[in-house]
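Below is the file structure-v4.txt, which contains compact mmCIF, C-alpha atoms.
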```txt
# COMPACT_ATOMS: atom_id res chain seq x y z
CA MET K 27 108.94 118.25 121.56
CA LEU K 28 106.42 115.39 121.64
CA TYR K 29 104.24 116.95 118.99
CA GLN K 30 107.14 117.75 116.69
CA HIS K 31 108.44 114.20 117.02
CA ILE K 32 105.17 112.56 115.98
CA ARG K 33 104.90 114.93 113.03
CA ASP K 34 108.49 114.27 111.97
CA LEU K 35 108.00 110.51 112.23
CA ARG K 36 104.83 110.68 110.13
CA GLU K 37 106.46 112.86 107.49
CA ASP K 38 109.56 110.63 107.39
CA ALA K 39 107.24 107.70 106.65
CA ASP K 40 105.63 109.75 103.82
CA LEU K 41 102.19 109.46 105.41
CA SER K 42 99.39 111.99 105.52
CA GLN K 43 97.57 112.76 108.73
CA ALA K 44 94.56 110.88 107.33
CA GLN K 45 96.67 107.78 106.66
CA MET K 46 98.20 107.90 110.13
CA ALA K 47 94.76 108.36 111.68
CA LYS K 48 93.50 105.28 109.85
CA ILE K 49 96.44 103.24 111.18
CA LEU K 50 95.64 104.44 114.71
CA ASN K 51 91.90 103.93 114.23
CA CYS K 52 90.99 107.55 114.94
CA SER K 53 89.78 110.49 112.87
CA GLN K 54 92.12 112.78 110.97
CA GLN K 55 90.96 115.66 113.20
CA VAL K 56 91.88 113.77 116.37
CA TYR K 57 95.30 112.93 114.95
CA SER K 58 95.80 116.53 113.86
CA ASN K 59 94.98 117.62 117.41
CA TYR K 60 97.69 115.26 118.69
CA GLU K 61 100.27 116.87 116.40
CA LEU K 62 99.18 120.37 117.37
CA GLY K 63 99.24 119.61 121.08
CA GLN K 64 95.55 120.36 121.40
CA ARG K 65 94.75 116.88 122.71
CA ASP K 66 96.71 114.61 125.01
CA ILE K 67 97.87 111.39 123.42
CA PRO K 68 96.49 108.36 125.26
CA THR K 69 99.10 105.87 126.46
CA ALA K 70 97.78 103.14 124.15
CA VAL K 71 98.12 105.45 121.13
CA LEU K 72 101.60 106.49 122.21
CA ILE K 73 102.64 102.84 122.35
CA GLU K 74 101.09 102.16 118.92
CA LEU K 75 102.96 105.14 117.45
CA ALA K 76 106.26 103.87 118.85
CA LYS K 77 105.66 100.33 117.54
CA PHE K 78 104.58 101.53 114.11
CA HIS K 79 107.56 103.83 113.67
CA GLY K 80 110.06 101.40 115.20
CA THR K 81 111.11 103.80 117.92
CA THR K 82 110.65 104.18 121.65
CA THR K 83 108.08 106.06 123.66
CA ASP K 84 111.04 107.85 125.26
CA TYR K 85 111.95 109.31 121.86
CA ILE K 86 108.39 110.38 121.14
CA LEU K 87 108.09 111.97 124.58
CA GLY K 88 111.37 113.85 124.13
CA ILE K 89 113.19 112.03 126.93
CA THR K 90 115.91 110.99 124.49
CA ASP K 91 116.95 112.18 121.04
CA LYS K 92 117.94 108.66 120.00
CA ARG K 93 115.38 107.27 117.57
```
Hey, can you dump this file as structure tokens for me?
Amino acid sequence: MLYQHIRDLREDADLSQAQMAKILNCSQQVYSNYELGQRDIPTAVLIELAKFHGTTTDYILGITDKR
């Protein structure tokens, strides 16, 4: 759920993985690994994702479906 949510949020914002990686100050490969579930998302990055997309960490983590 987590990985699908961050992908959906990125796509809804019409951003590429490279653009999102630049916003998060990481490489495109690292960001891609987040979306694929191949790398755990650090808490600080999770918070930045929530702030950037105007949502909650609970939504990103799949605790709630309310954006």
Task: Close residues, K:Ile32 itself excluded, 12 Å, only C-alpha atoms, min 3 positions apart in chain, as a PyMOL selection string - done: chain K and resi 27-29+35-39+41-43+46+57-63+67+71-76+78-79+81-88+93
Writer output for current selection, C-alpha atoms, as an mmCIF file, keeping the file's coordinate frame:
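For reference, result.cif as written:
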```cif
data_model
loop_
_atom_site.group_PDB
_atom_site.id
_atom_site.type_symbol
_atom_site.label_atom_id
_atom_site.label_comp_id
_atom_site.auth_asym_id
_atom_site.auth_seq_id
_atom_site.Cartn_x
_atom_site.Cartn_y
_atom_site.Cartn_z
ATOM 1 C CA MET K 27 108.940 118.250 121.560
ATOM 2 C CA LEU K 28 106.420 115.390 121.640
ATOM 3 C CA TYR K 29 104.240 116.950 118.990
ATOM 4 C CA LEU K 35 108.000 110.510 112.230
ATOM 5 C CA ARG K 36 104.830 110.680 110.130
ATOM 6 C CA GLU K 37 106.460 112.860 107.490
ATOM 7 C CA ASP K 38 109.560 110.630 107.390
ATOM 8 C CA ALA K 39 107.240 107.700 106.650
ATOM 9 C CA LEU K 41 102.190 109.460 105.410
ATOM 10 C CA SER K 42 99.390 111.990 105.520
ATOM 11 C CA GLN K 43 97.570 112.760 108.730
ATOM 12 C CA MET K 46 98.200 107.900 110.130
ATOM 13 C CA TYR K 57 95.300 112.930 114.950
ATOM 14 C CA SER K 58 95.800 116.530 113.860
ATOM 15 C CA ASN K 59 94.980 117.620 117.410
ATOM 16 C CA TYR K 60 97.690 115.260 118.690
ATOM 17 C CA GLU K 61 100.270 116.870 116.400
ATOM 18 C CA LEU K 62 99.180 120.370 117.370
ATOM 19 C CA GLY K 63 99.240 119.610 121.080
ATOM 20 C CA ILE K 67 97.870 111.390 123.420
ATOM 21 C CA VAL K 71 98.120 105.450 121.130
ATOM 22 C CA LEU K 72 101.600 106.490 122.210
ATOM 23 C CA ILE K 73 102.640 102.840 122.350
ATOM 24 C CA GLU K 74 101.090 102.160 118.920
ATOM 25 C CA LEU K 75 102.960 105.140 117.450
ATOM 26 C CA ALA K 76 106.260 103.870 118.850
ATOM 27 C CA PHE K 78 104.580 101.530 114.110
ATOM 28 C CA HIS K 79 107.560 103.830 113.670
ATOM 29 C CA THR K 81 111.110 103.800 117.920
ATOM 30 C CA THR K 82 110.650 104.180 121.650
ATOM 31 C CA THR K 83 108.080 106.060 123.660
ATOM 32 C CA ASP K 84 111.040 107.850 125.260
ATOM 33 C CA TYR K 85 111.950 109.310 121.860
ATOM 34 C CA ILE K 86 108.390 110.380 121.140
ATOM 35 C CA LEU K 87 108.090 111.970 124.580
ATOM 36 C CA GLY K 88 111.370 113.850 124.130
ATOM 37 C CA ARG K 93 115.380 107.270 117.570
#
```
Task: Distance in Å - atom CA of K:Asp40 versus atom CA of K:Cys52 - done: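 Between these atoms lies a distance of 18.5 Å.
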- [ ] Provide the atom CA of K:Thr69 to atom CA of K:Gln30 distance in Å, to one decimal place.
- [x] 17.4 Å
Fewer than 4 positions away in the same chain doesn't count, so skip those; otherwise give me all residues within 9 Å of K:Ala44, counting only C-alpha atoms, as an mmCIF file with C-alpha atoms, keeping the file's coordinate frame.
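Saved file around.cif follows:
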```
data_model
loop_
_atom_site.group_PDB
_atom_site.id
_atom_site.type_symbol
_atom_site.label_atom_id
_atom_site.label_comp_id
_atom_site.auth_asym_id
_atom_site.auth_seq_id
_atom_site.Cartn_x
_atom_site.Cartn_y
_atom_site.Cartn_z
ATOM 1 C CA LYS K 48 93.500 105.280 109.850
ATOM 2 C CA ILE K 49 96.440 103.240 111.180
ATOM 3 C CA SER K 53 89.780 110.490 112.870
ATOM 4 C CA GLN K 54 92.120 112.780 110.970
ATOM 5 C CA GLN K 55 90.960 115.660 113.200
ATOM 6 C CA TYR K 57 95.300 112.930 114.950
ATOM 7 C CA SER K 58 95.800 116.530 113.860
#
```
Using the file's own x, y and z axes, what box holds all listed atoms of stretch 73-85 of chain K with 8 Å on each side, keeping edges along x, y and z, and what are its centre and edge lengths in Å to one decimal, as AutoDock Vina command-line options?
```
--center_x 106.5 --center_y 104.8 --center_z 119.5 --size_x 26.9 --size_y 25.0 --size_z 27.6
```
